[in-house]
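Report on the structure given below.
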Amino acid sequence: MTSPGVINWLRIAFIAMIWGGVFMVVRIALRDFQPLTLAAGRITIGAIALYGLMRWRGIALPSFKDIALWRFVLLVGLLSSAIPFALLSWGQQHVPSAFAGMTMAALPIFVLPLAHFFVPGERIFLRKLIGFGVGFLGAMLLIGTSGLGLAEGRVETLARFACVAAAFCYACGSIATRQCPPINELALSTGSLILAAMFLLPIALLVEGPPNLPSLSGLLAVGYLGLIPT
């Protein structure tokens with residue numbers, strides 16, 4: 001197996017820094033935006049930015065006649081953006097940002113069994129099974145089990161489950177991306193964000209109404225979320 005090299009390890013570290021800090025920025029943005037509005041706003045900004053980049057690079061979206069392909073693009077948009085962003089934004093109103101971030105440790109744990117059943121050639125063997133068990137225990141220690149009782153009125157409990165459900169959505173989205181028919185990666189990202197925005201924007205307006213005038217910090221936060229991690 002070829003070594004990934006220093007540059008690729010630095011890229012991974014850079015991605016980890018971006019995603020590690022996103023939960024703090026979401027908490028800042030929630031001071032000015034309601035959760036669905038925040039999720040829809042960051043997706044819309046990301047979609048516009050990626051569409052401009054895609055056109056600048058001379059790449060076009062696939063033909064809308066390819067229904068089978070666009071079904072996968074929609075699935076990726078819902079599972080990798082619209083649903084988990086909404087869940088995390090709502091959950092972070094009631095749980096610390098650190099908790100929301102640590103639930104992402106469950107993502108690879110969800111991916112392993114999903115890949116076994118849905119991705120050809122991705123089978124669970126003993127070493128993976130041991131890693132799955134150790135990872136599961138580690139994630140439980142990070143997330144913590146205190147306060148997970150389903151007592152009536154425990155909004156924090158639902159918020160914790162919302163964060164874990166977001167990680168599960170990301171895992172399903174990664175499987176959908178892997179199974180997607182051949183398509184340019186930038187076109188897939190752009191198309192999925194466009195469909196996610198079209199799905200979530202009307203829901204946010206219907207449920208939460210038009211947003212109030214945000215502060216400068218709120219605008220900067222949602223702008224960063226849309227342009228960088230999204």
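Each chain in the structure tokens gets a letter, A, B, ..., in the order shown, and its residues are numbered from 1; ligands are numbered from 1 in order too.
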For the structure I just gave you, how does DSSP split range 11-201 of chain A - specifically, which residues are alpha helix (DSSP H)? Reply as a ChimeraX atom specification.
/A:11-29,35-56,67-77,83-91,97-102,107-118,126-143,155-179,185-201
Contacts of Ala82 in chain A at 8 Å or less, counting only C-alpha atoms, minus same-chain residues fewer than 5 places along, as a list in words?
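That gives Ala39, Ala40, Ile43, Gly77, Ala196, Ala197, Phe199 and Leu200 of chain A.
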Smallest atom-to-atom distance to Pro214 in chain A: which of A:Val95, A:Ala86, A:Leu38, A:Ala162, using only C-alpha atoms?
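Nearest candidate to Pro214 in chain A out of A:Val95, A:Ala86, A:Leu38, A:Ala162: A:Leu38.
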Which residue of A:Thr230, A:Ser192, A:Ser174, A:Gln93 approaches Phe110 in chain A most closely, using only C-alpha atoms
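Counting only C-alpha atoms, the residue closest to Phe110 in chain A is A:Ser174.
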What gap, in Å, lies between CA of Gln34 in chain A and CA of Phe85 in chain A?
12.2 Å
Which residues come within 12 Å of Pro182 in chain A, counting only C-alpha atoms, excluding same-chain residues fewer than 6 positions away, as an MDAnalysis selection string?
chainID A and resid 62 66 68:70 72:73 188
Could you check which of A:Leu216, A:Ile183, A:Ala13, A:Met198 is closest to Ser63 in chain A, using only C-alpha atoms?
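Selected residue with least distance to Ser63 in chain A: A:Ile183.
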Just checking: using only C-alpha atoms, which residue out of A:Trp19, A:Ala106, A:Ile59, A:Arg71 ends up closest to Ala171 in chain A?
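Residue with the minimum atom-to-atom distance to Ala171 in chain A: A:Ala106.
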Show which residues sit within 7 Å of Val76 in chain A, as a PDB file with C-alpha atoms, in the first residue's frame. Count only C-alpha atoms, and ignore same-chain residues fewer than 6 positions away.
```pdb
ATOM      1  CA  GLY A 173     -24.845  10.189   2.835  1.00  0.00           C
ATOM      2  CA  ALA A 176     -25.070   7.233  -1.157  1.00  0.00           C
ATOM      3  CA  THR A 177     -22.109   9.225  -2.507  1.00  0.00           C
ATOM      4  CA  SER A 192     -26.719  18.240  -4.081  1.00  0.00           C
TER       5      SER A 192
END
```
In Å to one decimal, how far is CA of Phe118 in chain A from CA of Leu79 in chain A?
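That distance, rounded to one decimal, is 15.5 Å.
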Could you give me, as a tab-separated table, every range 134-224 of chain A residue with an atom at most 7 Å from range 29-33 of chain A, plus its closest atom pair and distance in Å to one decimal, counting only C-alpha atoms, rows ordered by chain then number?
```
residue	atom	partner	partner_atom	distance
A:Pro211	CA	A:Phe33	CA	6.7
A:Pro214	CA	A:Asp32	CA	5.3
A:Ser215	CA	A:Asp32	CA	6.8
A:Gly218	CA	A:Ala29	CA	4.8
A:Ala221	CA	A:Ala29	CA	5.4
A:Val222	CA	A:Ala29	CA	6.0
```
Those same residues, written as a PDB file, in the first residue's frame with N, CA, C and O atoms?
```
ATOM      1  N   PRO A 211     -36.350  35.692   8.566  1.00  0.00           N
ATOM      2  CA  PRO A 211     -35.461  35.993   9.713  1.00  0.00           C
ATOM      3  C   PRO A 211     -35.440  37.480  10.031  1.00  0.00           C
ATOM      4  O   PRO A 211     -35.647  38.327   9.157  1.00  0.00           O
ATOM      5  N   PRO A 214     -30.062  40.280  11.278  1.00  0.00           N
ATOM      6  CA  PRO A 214     -29.036  39.725  12.178  1.00  0.00           C
ATOM      7  C   PRO A 214     -27.940  40.739  12.481  1.00  0.00           C
ATOM      8  O   PRO A 214     -27.796  41.757  11.804  1.00  0.00           O
ATOM      9  N   SER A 215     -27.166  40.431  13.495  1.00  0.00           N
ATOM     10  CA  SER A 215     -26.008  41.252  13.828  1.00  0.00           C
ATOM     11  C   SER A 215     -24.865  40.934  12.868  1.00  0.00           C
ATOM     12  O   SER A 215     -24.927  39.976  12.086  1.00  0.00           O
ATOM     13  N   GLY A 218     -23.475  37.516  13.483  1.00  0.00           N
ATOM     14  CA  GLY A 218     -24.341  36.476  12.932  1.00  0.00           C
ATOM     15  C   GLY A 218     -24.158  36.327  11.436  1.00  0.00           C
ATOM     16  O   GLY A 218     -24.106  35.204  10.912  1.00  0.00           O
ATOM     17  N   ALA A 221     -20.845  34.695  10.756  1.00  0.00           N
ATOM     18  CA  ALA A 221     -20.881  33.278  11.118  1.00  0.00           C
ATOM     19  C   ALA A 221     -21.567  32.455  10.036  1.00  0.00           C
ATOM     20  O   ALA A 221     -21.048  31.420   9.603  1.00  0.00           O
ATOM     21  N   VAL A 222     -22.738  32.896   9.579  1.00  0.00           N
ATOM     22  CA  VAL A 222     -23.450  32.120   8.562  1.00  0.00           C
ATOM     23  C   VAL A 222     -22.705  32.188   7.227  1.00  0.00           C
ATOM     24  O   VAL A 222     -22.715  31.216   6.444  1.00  0.00           O
TER      25      VAL A 222
END
```
Compile the contact shell of Ala204 in chain A as a list in words: residues with an atom at most 7 Å away, counting only C-alpha atoms, same-chain residues fewer than 5 positions apart removed.
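The neighbour list is Leu36, Thr37, Ala40 and Gly209 of chain A.
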How would the residues just picked look written out with all heavy atoms as a CSV table (one decimal), in the first residue's frame?
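Written file, out-v9.csv:
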```
chain,number,residue,atom,x,y,z
A,36,LEU,N,-33.6,26.1,11.5
A,36,LEU,CA,-33.9,25.7,10.1
A,36,LEU,C,-33.4,26.8,9.2
A,36,LEU,O,-32.9,26.6,8.1
A,36,LEU,CB,-35.4,25.5,10.0
A,36,LEU,CG,-36.0,24.2,10.6
A,36,LEU,CD1,-37.5,24.1,10.3
A,36,LEU,CD2,-35.3,23.0,10.1
A,37,THR,N,-33.6,28.1,9.6
A,37,THR,CA,-33.2,29.2,8.8
A,37,THR,C,-31.6,29.2,8.7
A,37,THR,O,-31.1,29.5,7.6
A,37,THR,CB,-33.6,30.5,9.5
A,37,THR,OG1,-35.0,30.5,9.6
A,37,THR,CG2,-33.2,31.7,8.6
A,40,ALA,N,-30.7,26.3,6.3
A,40,ALA,CA,-31.1,26.7,4.9
A,40,ALA,C,-30.2,27.8,4.4
A,40,ALA,O,-29.8,27.8,3.2
A,40,ALA,CB,-32.5,27.2,4.8
A,209,GLY,N,-40.6,31.5,9.5
A,209,GLY,CA,-40.9,32.8,9.0
A,209,GLY,C,-39.6,33.5,8.5
A,209,GLY,O,-38.5,33.0,8.7
```
Using only C-alpha atoms, which residue out of A:Val25, A:Val164, A:Ala47, A:Ile18 lies closest to Leu87 in chain A?
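Among the listed residues, the smallest separation from Leu87 in chain A belongs to A:Val164.
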Shortest interatomic distance to Val22 in chain A - which of A:Ala100, A:Leu206, A:Cys180, A:Leu137, counting only C-alpha atoms:
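Among the listed residues, A:Ala100 lies closest to Val22 in chain A.
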Straight-line distance linking CA of Ile7 in chain A with CA of Gly20 in chain A, stated in Å to one decimal
19.6 Å
